[in-house]
Amino acid sequence: MELYETLANQLKKEPNFVTDNGELKKWVVINKAQNFDEELIELLLDNAELKAKFFKTVKDVTVFNQNLFVQFLEQKNYINDSFTQYKNKVGLTIDGKYLKQRNEVALVWPFKDCILEGGQSREEEKREEIFFNEILAQDEITQLLEPKILTNSKRISAVGDNSFDQFNRFENGIISDNLIIRGNNLLALYSLKQEFVGQVKLIYIDPPYNTGNDSFKYNDNFNHSTWLTFMKNRLSVASALLTKDGVIFINVDDKEYSYLKVLCDEVYGRENFLNVIAVKTSDPSGHKTVNPSPYSQTEYILLYAKHKPSYKYTIQYIASDYDSGYNQFITNFDEDFSKWEIVGLFDYLAKERGYKDTRDANKQLGHSVFNSIVAEFALENKERIFQGTAIADDAAKDIVEIRNKSDAHPDKIFKVERDKVDIFIKDGRQIYFYSNKVRDIDGILTPSKPLTNMWTDIPYNGISKEGGVRLKNGKKPEKLLRRIIEICTNKNDIVLDFHLGSGTTCAVAHKLGRQYIGIEQLDYSNNDSVTRLKNVINGDSTGISKSVKWEGGGEFVYLELKKYNQAFIEQIEEAKDTKTLLQIWEQMKTKSFLNYNVDIKKQDEHIEDFKTLTLKEQKQHLCELLDKNQLYVNISSLNDLDFASTEEERKVTKDFYQIKD
């Protein structure tokens, strides 16, 4: 310990190594040592004891033993200031080494290698949740992630709810039905894994944003950590479901975007990062205009591929305004190209309407009015209007040769024949027609431009009635999901959303002819995905219906994970008083699976102490007594009489997992 004190006293002689309250800036010193800082080395050499400890002599040369010095500083019992204590507490190490010692970037947090089970329980923003999510270390998980028994199955179509018969399957044996699954999404994903591993083309999720008003508000000390654990558990298993050319889109706000990006780099591989899309969700108005800083009008969508080299992106186009660069007009387009007469578009139109020139037309009509006339004319005559574009030196050899010849004959038009579309060149530049910019978007011919990662054209206002359901502050426009689905999927590809909410993803997938799987734990009553999809089947006319000519039809299969201890958790949540909780406890003693270390006798002996707790604490305590491995019933218990599986449950479960008798 004397050496520790000697080193500390010597280092504190340098003011830059000391905090305002007199503590040593340990990590500053380490950084200096790693860079062989002359000032630090001189300070150490000035003390004989420190020189003897951290230096050695080689052929009369004094050498600084950098590794020994850094290791000495990083010993846990040395200079254990508050920051060091915090770093030790939250475990910011990998393989026993602090991040400072490692070259790679990694995201490390408490409970990273554990399971955060439970998930959301209520959608209301202001409701104060009980602490029922628990961190389970791997050695505590024995049956939690086993596939679950399925119950309450039904096939829903335009003729109503029908009893379940059997799943439809493709020739390769994979289920071809659309699926809506009610239950904990982590456990549902593990149940899907057995059937759909490597089969899902697109995953889109809009998870809880960890805003402080949602179900993650319970843990202020490790708020980010619990949210990241929640996300990591689910993203890891979801990755296994993706096809080799599959992709995942994750909607998130600016509060957790940076954390999630690093997490996804770890789960999916930084090399598989494709893009981050910024989505404009609103325009500032009123109070937001005056005080814009606390308010965000932007959300982000992280985009990752399962295997980037295999991913194929379908270029999307969005409507744009008329591009004034297209300002040349061919008056006699129907004649041979060698006789084309080319004039300036603006002056041509101005004179056609009786004005002297463009300037006169703008003066008389107003700039915006004349612009609209030009835009309309350009759209109607898109094959006759063009702009000259530069031809690169690395273009096809015959094109470059004609370009060079054209430079010598600027008034002559040349043609390069091609199988599909011939290329015309004048004055060393390609004649690029406005028709190349015009596309059919939702049945309307309009000028367009390629979609980038800045999406500002999708309105978020006025979507509350889409699908005939409402979800305050959580609903996404159908147009957004249409764009995402069309970017990377084709007809009959599988789309998965395991934070389904009001069902926008599945509703849009249904209208676009994609197969879908939706998972949701929360009960939104009349505003949930089942209600919405019934509306879709019956010809819902909102959202994208008009643009895709949706008229109704189709079906889906509804399933639930069979509850066991989860049913007790829900009863505990709903309890309004201690009396009700005590009644639930009596049922738990005989019907639930309790943790192996629960002593029922002691619980009853101290029941009066239990009554002195707050209602929230009572709920938390009862939830902690339940074995979280038994939230839902595993397929290994399919024939266990204690779980009382019905004949229908056995039938649908065996069919889903293809279990043979």
# chains A, B, ... in the order shown; residues from 1 in each chain; ligands from 1
>>> select_by_dssp(residues="segment 479-661 of chain A", states="strand (DSSP E)", output="PyMOL selection string")
chain A and resi 494-497+515-520+556-561
>>> write_last_selection(atoms="C-alpha atoms", output="mmCIF file, in the first residue's frame")
data_model
loop_
_atom_site.group_PDB
_atom_site.id
_atom_site.type_symbol
_atom_site.label_atom_id
_atom_site.label_comp_id
_atom_site.auth_asym_id
_atom_site.auth_seq_id
_atom_site.Cartn_x
_atom_site.Cartn_y
_atom_site.Cartn_z
ATOM 1 C CA ILE A 494 -42.857 -13.506 -45.591
ATOM 2 C CA VAL A 495 -43.035 -10.280 -43.582
ATOM 3 C CA LEU A 496 -42.653 -10.383 -39.775
ATOM 4 C CA ASP A 497 -43.542 -7.773 -37.150
ATOM 5 C CA GLN A 515 -47.442 -13.566 -46.374
ATOM 6 C CA TYR A 516 -47.140 -12.182 -42.851
ATOM 7 C CA ILE A 517 -46.581 -13.100 -39.219
ATOM 8 C CA GLY A 518 -47.556 -10.657 -36.489
ATOM 9 C CA ILE A 519 -46.825 -11.003 -32.759
ATOM 10 C CA GLU A 520 -48.349 -8.845 -30.038
ATOM 11 C CA PHE A 556 -55.367 -15.363 -41.516
ATOM 12 C CA VAL A 557 -54.932 -17.786 -38.624
ATOM 13 C CA TYR A 558 -55.125 -16.463 -35.063
ATOM 14 C CA LEU A 559 -53.157 -18.244 -32.309
ATOM 15 C CA GLU A 560 -52.231 -17.687 -28.668
ATOM 16 C CA LEU A 561 -49.409 -19.038 -26.546
#
>>> residues_around(residues="segment 5-20 of chain A", least_positions_apart="2", cutoff="10 Å", atoms="only C-alpha atoms", output="NGL selection string")
:A and (1-3 or 22-29 or 32 or 39-40 or 43-44 or 46-47 or 49-50 or 73 or 78-79)
>>> closest_residue(among="A:Leu481, A:Ala188, A:Cys488, A:Ile174", to="Asp206 of chain A", atoms="only C-alpha atoms")
A:Leu481
>>> closest_residue(among="A:Val200, A:Leu631, A:Ala33, A:Leu186", to="Phe230 of chain A", atoms="only C-alpha atoms")
A:Leu186
>>> residues_around(residues="segment 319-335 of chain A", least_positions_apart="2", cutoff="6 Å", atoms="only C-alpha atoms", output="ChimeraX atom specification")
/A:340-345,375,384-387,447-448
>>> select_by_dssp(residues="segment 157-209 of chain A", states="alpha helix (DSSP H)", output="ChimeraX atom specification")
/A:185-196
>>> closest_residue(among="A:His224, A:Arg650, A:Arg403, A:Lys351", to="Arg429 of chain A", atoms="only C-alpha atoms")
A:Arg403
>>> residues_around(residues="Asp528 of chain A", least_positions_apart="4", cutoff="7 Å", atoms="only C-alpha atoms", output="VMD selection string")
chain A and resid 501 to 503 523 to 524 532
>>> write_last_selection(atoms="C-alpha atoms", output="PDB file, in the first residue's frame")
ATOM      1  CA  GLY A 501     -49.488  -2.869 -32.117  1.00  0.00           C
ATOM      2  CA  SER A 502     -52.548  -1.908 -34.143  1.00  0.00           C
ATOM      3  CA  GLY A 503     -51.425  -4.112 -37.024  1.00  0.00           C
ATOM      4  CA  ASP A 523     -54.507  -6.262 -25.683  1.00  0.00           C
ATOM      5  CA  TYR A 524     -55.767  -3.188 -27.522  1.00  0.00           C
ATOM      6  CA  ARG A 532     -57.918  -4.240 -38.281  1.00  0.00           C
TER       7      ARG A 532
END
>>> atom_distance(atom1="atom CA of Glu466 of chain A", atom2="atom CA of Lys280 of chain A")
18.9 Å
>>> atom_distance(atom1="atom CA of Lys651 of chain A", atom2="atom CA of Gly183 of chain A")
19.1 Å
>>> residues_around(residues="Phe55 of chain A", least_positions_apart="5", cutoff="7 Å", atoms="only C-alpha atoms", output="ChimeraX atom specification")
/A:62-65
>>> write_last_selection(atoms="all heavy atoms", output="tab-separated table (two decimals), in the first residue's frame")
chain	number	residue	atom	x	y	z
A	62	THR	N	17.61	3.50	-19.83
A	62	THR	CA	16.46	3.32	-18.93
A	62	THR	C	15.19	3.19	-19.76
A	62	THR	O	14.85	4.08	-20.56
A	62	THR	CB	16.33	4.52	-17.98
A	62	THR	OG1	17.55	4.65	-17.23
A	62	THR	CG2	15.17	4.34	-17.03
A	63	VAL	N	14.48	2.06	-19.58
A	63	VAL	CA	13.28	1.76	-20.38
A	63	VAL	C	12.05	1.75	-19.48
A	63	VAL	O	12.04	1.12	-18.41
A	63	VAL	CB	13.42	0.39	-21.08
A	63	VAL	CG1	12.16	0.08	-21.89
A	63	VAL	CG2	14.66	0.37	-21.96
A	64	PHE	N	10.99	2.45	-19.90
A	64	PHE	CA	9.74	2.53	-19.15
A	64	PHE	C	8.92	1.25	-19.39
A	64	PHE	O	8.62	0.89	-20.53
A	64	PHE	CB	8.95	3.76	-19.63
A	64	PHE	CG	7.60	3.92	-18.98
A	64	PHE	CD1	7.41	3.69	-17.61
A	64	PHE	CD2	6.50	4.34	-19.73
A	64	PHE	CE1	6.18	3.86	-17.02
A	64	PHE	CE2	5.27	4.52	-19.14
A	64	PHE	CZ	5.10	4.28	-17.78
A	65	ASN	N	8.59	0.56	-18.29
A	65	ASN	CA	7.78	-0.66	-18.38
A	65	ASN	C	6.30	-0.24	-18.41
A	65	ASN	O	5.60	-0.26	-17.41
A	65	ASN	CB	8.08	-1.58	-17.19
A	65	ASN	CG	7.50	-2.97	-17.41
A	65	ASN	OD1	6.54	-3.14	-18.15
A	65	ASN	ND2	8.07	-3.95	-16.72
>>> atom_distance(atom1="atom CA of Asn168 of chain A", atom2="atom CA of Arg514 of chain A")
15.2 Å
>>> residues_around(residues="Glu401 of chain A", least_positions_apart="3", cutoff="12 Å", atoms="only C-alpha atoms", output="list of chain:residue names")
A:Ile391, A:Ala392, A:Asp393, A:Asp394, A:Ala395, A:Ala396, A:Lys397, A:Asp398, A:Asn404, A:Lys405, A:Ser406, A:Asp407, A:Ala408, A:Phe414, A:Lys415, A:Val416, A:Ile425, A:Gly428
>>> closest_residue(among="A:Asp253, A:Asp627, A:Glu266, A:Asp661", to="Leu144 of chain A", atoms="only C-alpha atoms")
A:Asp627
>>> residues_around(residues="Thr646 of chain A", least_positions_apart="3", cutoff="12 Å", atoms="only C-alpha atoms", output="list in words")
Ile149, Leu150, Thr151, Asn152, Ser153, Lys562, Leu638, Asn639, Asp640, Leu641, Asp642, Phe643, Glu649, Arg650, Lys651, Val652 and Thr653 of chain A
>>> closest_residue(among="A:Val400, A:Ser525, A:Leu625, A:Gly246", to="Tyr596 of chain A", atoms="only C-alpha atoms")
A:Leu625
>>> decode(residues="segment 406-420 of chain A", atoms="all heavy atoms", output="PDB file, in the first residue's frame")
ATOM      1  N   SER A 406     -19.240  14.209 -82.483  1.00  0.00           N
ATOM      2  CA  SER A 406     -20.259  15.253 -82.304  1.00  0.00           C
ATOM      3  C   SER A 406     -19.636  16.581 -81.910  1.00  0.00           C
ATOM      4  O   SER A 406     -20.150  17.654 -82.271  1.00  0.00           O
ATOM      5  CB  SER A 406     -21.276  14.808 -81.248  1.00  0.00           C
ATOM      6  OG  SER A 406     -22.185  15.838 -80.945  1.00  0.00           O
ATOM      7  N   ASP A 407     -18.552  16.528 -81.148  1.00  0.00           N
ATOM      8  CA  ASP A 407     -17.881  17.770 -80.742  1.00  0.00           C
ATOM      9  C   ASP A 407     -17.450  18.591 -81.962  1.00  0.00           C
ATOM     10  O   ASP A 407     -17.444  19.824 -81.934  1.00  0.00           O
ATOM     11  CB  ASP A 407     -16.650  17.447 -79.884  1.00  0.00           C
ATOM     12  CG  ASP A 407     -17.043  17.018 -78.480  1.00  0.00           C
ATOM     13  OD1 ASP A 407     -18.145  17.399 -78.035  1.00  0.00           O
ATOM     14  OD2 ASP A 407     -16.251  16.302 -77.829  1.00  0.00           O
ATOM     15  N   ALA A 408     -17.099  17.880 -83.042  1.00  0.00           N
ATOM     16  CA  ALA A 408     -16.643  18.566 -84.251  1.00  0.00           C
ATOM     17  C   ALA A 408     -17.802  19.041 -85.129  1.00  0.00           C
ATOM     18  O   ALA A 408     -17.606  19.831 -86.059  1.00  0.00           O
ATOM     19  CB  ALA A 408     -15.728  17.640 -85.052  1.00  0.00           C
ATOM     20  N   HIS A 409     -18.999  18.521 -84.861  1.00  0.00           N
ATOM     21  CA  HIS A 409     -20.190  18.903 -85.637  1.00  0.00           C
ATOM     22  C   HIS A 409     -21.328  19.235 -84.664  1.00  0.00           C
ATOM     23  O   HIS A 409     -22.286  18.461 -84.528  1.00  0.00           O
ATOM     24  CB  HIS A 409     -20.613  17.768 -86.582  1.00  0.00           C
ATOM     25  CG  HIS A 409     -19.552  17.354 -87.545  1.00  0.00           C
ATOM     26  ND1 HIS A 409     -18.559  16.441 -87.216  1.00  0.00           N
ATOM     27  CD2 HIS A 409     -19.295  17.732 -88.838  1.00  0.00           C
ATOM     28  CE1 HIS A 409     -17.761  16.269 -88.254  1.00  0.00           C
ATOM     29  NE2 HIS A 409     -18.190  17.048 -89.266  1.00  0.00           N
ATOM     30  N   PRO A 410     -21.237  20.364 -83.949  1.00  0.00           N
ATOM     31  CA  PRO A 410     -22.180  20.688 -82.870  1.00  0.00           C
ATOM     32  C   PRO A 410     -23.629  20.835 -83.318  1.00  0.00           C
ATOM     33  O   PRO A 410     -24.544  20.667 -82.508  1.00  0.00           O
ATOM     34  CB  PRO A 410     -21.640  22.016 -82.323  1.00  0.00           C
ATOM     35  CG  PRO A 410     -20.813  22.586 -83.431  1.00  0.00           C
ATOM     36  CD  PRO A 410     -20.224  21.416 -84.148  1.00  0.00           C
ATOM     37  N   ASP A 411     -23.889  21.116 -84.606  1.00  0.00           N
ATOM     38  CA  ASP A 411     -25.274  21.308 -85.055  1.00  0.00           C
ATOM     39  C   ASP A 411     -25.923  20.016 -85.554  1.00  0.00           C
ATOM     40  O   ASP A 411     -27.119  19.999 -85.865  1.00  0.00           O
ATOM     41  CB  ASP A 411     -25.314  22.355 -86.180  1.00  0.00           C
ATOM     42  CG  ASP A 411     -24.886  23.734 -85.687  1.00  0.00           C
ATOM     43  OD1 ASP A 411     -25.157  24.027 -84.502  1.00  0.00           O
ATOM     44  OD2 ASP A 411     -24.278  24.485 -86.473  1.00  0.00           O
ATOM     45  N   LYS A 412     -25.134  18.962 -85.610  1.00  0.00           N
ATOM     46  CA  LYS A 412     -25.636  17.694 -86.144  1.00  0.00           C
ATOM     47  C   LYS A 412     -26.043  16.747 -85.011  1.00  0.00           C
ATOM     48  O   LYS A 412     -25.423  16.721 -83.952  1.00  0.00           O
ATOM     49  CB  LYS A 412     -24.554  17.044 -87.011  1.00  0.00           C
ATOM     50  CG  LYS A 412     -25.020  15.799 -87.756  1.00  0.00           C
ATOM     51  CD  LYS A 412     -23.911  15.270 -88.660  1.00  0.00           C
ATOM     52  CE  LYS A 412     -24.368  14.019 -89.393  1.00  0.00           C
ATOM     53  NZ  LYS A 412     -23.299  13.480 -90.290  1.00  0.00           N
ATOM     54  N   ILE A 413     -27.110  15.975 -85.239  1.00  0.00           N
ATOM     55  CA  ILE A 413     -27.570  14.984 -84.260  1.00  0.00           C
ATOM     56  C   ILE A 413     -27.124  13.597 -84.713  1.00  0.00           C
ATOM     57  O   ILE A 413     -27.304  13.220 -85.883  1.00  0.00           O
ATOM     58  CB  ILE A 413     -29.108  15.020 -84.114  1.00  0.00           C
ATOM     59  CG1 ILE A 413     -29.555  16.397 -83.608  1.00  0.00           C
ATOM     60  CG2 ILE A 413     -29.584  13.924 -83.166  1.00  0.00           C
ATOM     61  CD1 ILE A 413     -31.059  16.561 -83.561  1.00  0.00           C
ATOM     62  N   PHE A 414     -26.523  12.836 -83.805  1.00  0.00           N
ATOM     63  CA  PHE A 414     -26.048  11.484 -84.087  1.00  0.00           C
ATOM     64  C   PHE A 414     -26.889  10.474 -83.308  1.00  0.00           C
ATOM     65  O   PHE A 414     -27.417  10.775 -82.238  1.00  0.00           O
ATOM     66  CB  PHE A 414     -24.578  11.337 -83.689  1.00  0.00           C
ATOM     67  CG  PHE A 414     -23.649  12.204 -84.491  1.00  0.00           C
ATOM     68  CD1 PHE A 414     -23.440  13.540 -84.152  1.00  0.00           C
ATOM     69  CD2 PHE A 414     -22.986  11.686 -85.591  1.00  0.00           C
ATOM     70  CE1 PHE A 414     -22.582  14.333 -84.886  1.00  0.00           C
ATOM     71  CE2 PHE A 414     -22.108  12.475 -86.332  1.00  0.00           C
ATOM     72  CZ  PHE A 414     -21.918  13.811 -85.983  1.00  0.00           C
ATOM     73  N   LYS A 415     -26.961   9.280 -83.828  1.00  0.00           N
ATOM     74  CA  LYS A 415     -27.723   8.216 -83.153  1.00  0.00           C
ATOM     75  C   LYS A 415     -26.834   7.000 -82.918  1.00  0.00           C
ATOM     76  O   LYS A 415     -26.110   6.565 -83.817  1.00  0.00           O
ATOM     77  CB  LYS A 415     -28.943   7.807 -83.978  1.00  0.00           C
ATOM     78  CG  LYS A 415     -29.779   6.717 -83.298  1.00  0.00           C
ATOM     79  CD  LYS A 415     -31.111   6.487 -84.000  1.00  0.00           C
ATOM     80  CE  LYS A 415     -30.940   5.757 -85.314  1.00  0.00           C
ATOM     81  NZ  LYS A 415     -32.255   5.327 -85.879  1.00  0.00           N
ATOM     82  N   VAL A 416     -26.900   6.447 -81.694  1.00  0.00           N
ATOM     83  CA  VAL A 416     -26.223   5.186 -81.364  1.00  0.00           C
ATOM     84  C   VAL A 416     -27.323   4.154 -81.143  1.00  0.00           C
ATOM     85  O   VAL A 416     -28.135   4.277 -80.228  1.00  0.00           O
ATOM     86  CB  VAL A 416     -25.354   5.323 -80.092  1.00  0.00           C
ATOM     87  CG1 VAL A 416     -24.642   4.008 -79.799  1.00  0.00           C
ATOM     88  CG2 VAL A 416     -24.359   6.460 -80.244  1.00  0.00           C
ATOM     89  N   GLU A 417     -27.363   3.142 -81.998  1.00  0.00           N
ATOM     90  CA  GLU A 417     -28.453   2.168 -81.937  1.00  0.00           C
ATOM     91  C   GLU A 417     -28.243   1.183 -80.789  1.00  0.00           C
ATOM     92  O   GLU A 417     -27.144   0.718 -80.535  1.00  0.00           O
ATOM     93  CB  GLU A 417     -28.555   1.423 -83.271  1.00  0.00           C
ATOM     94  CG  GLU A 417     -28.990   2.316 -84.429  1.00  0.00           C
ATOM     95  CD  GLU A 417     -29.222   1.529 -85.701  1.00  0.00           C
ATOM     96  OE1 GLU A 417     -28.917   0.309 -85.708  1.00  0.00           O
ATOM     97  OE2 GLU A 417     -29.706   2.118 -86.686  1.00  0.00           O
ATOM     98  N   ARG A 418     -29.330   0.924 -80.123  1.00  0.00           N
ATOM     99  CA  ARG A 418     -29.353  -0.038 -79.018  1.00  0.00           C
ATOM    100  C   ARG A 418     -30.578  -0.938 -79.179  1.00  0.00           C
ATOM    101  O   ARG A 418     -31.560  -0.562 -79.840  1.00  0.00           O
ATOM    102  CB  ARG A 418     -29.413   0.685 -77.662  1.00  0.00           C
ATOM    103  CG  ARG A 418     -28.101   1.356 -77.278  1.00  0.00           C
ATOM    104  CD  ARG A 418     -27.063   0.299 -76.916  1.00  0.00           C
ATOM    105  NE  ARG A 418     -25.824   0.870 -76.408  1.00  0.00           N
ATOM    106  CZ  ARG A 418     -24.750   1.122 -77.155  1.00  0.00           C
ATOM    107  NH1 ARG A 418     -24.790   0.891 -78.467  1.00  0.00           N
ATOM    108  NH2 ARG A 418     -23.654   1.602 -76.618  1.00  0.00           N
ATOM    109  N   ASP A 419     -30.549  -2.134 -78.572  1.00  0.00           N
ATOM    110  CA  ASP A 419     -31.653  -3.087 -78.701  1.00  0.00           C
ATOM    111  C   ASP A 419     -32.966  -2.517 -78.156  1.00  0.00           C
ATOM    112  O   ASP A 419     -34.030  -2.688 -78.756  1.00  0.00           O
ATOM    113  CB  ASP A 419     -31.315  -4.391 -77.956  1.00  0.00           C
ATOM    114  CG  ASP A 419     -30.191  -5.153 -78.641  1.00  0.00           C
ATOM    115  OD1 ASP A 419     -29.989  -4.931 -79.857  1.00  0.00           O
ATOM    116  OD2 ASP A 419     -29.525  -5.954 -77.967  1.00  0.00           O
ATOM    117  N   LYS A 420     -32.892  -1.837 -77.016  1.00  0.00           N
ATOM    118  CA  LYS A 420     -34.116  -1.357 -76.383  1.00  0.00           C
ATOM    119  C   LYS A 420     -34.399   0.100 -76.718  1.00  0.00           C
ATOM    120  O   LYS A 420     -35.439   0.433 -77.283  1.00  0.00           O
ATOM    121  CB  LYS A 420     -34.022  -1.543 -74.862  1.00  0.00           C
ATOM    122  CG  LYS A 420     -33.983  -3.004 -74.444  1.00  0.00           C
ATOM    123  CD  LYS A 420     -33.954  -3.134 -72.925  1.00  0.00           C
ATOM    124  CE  LYS A 420     -33.948  -4.598 -72.512  1.00  0.00           C
ATOM    125  NZ  LYS A 420     -33.911  -4.743 -71.015  1.00  0.00           N
TER     126      LYS A 420
END
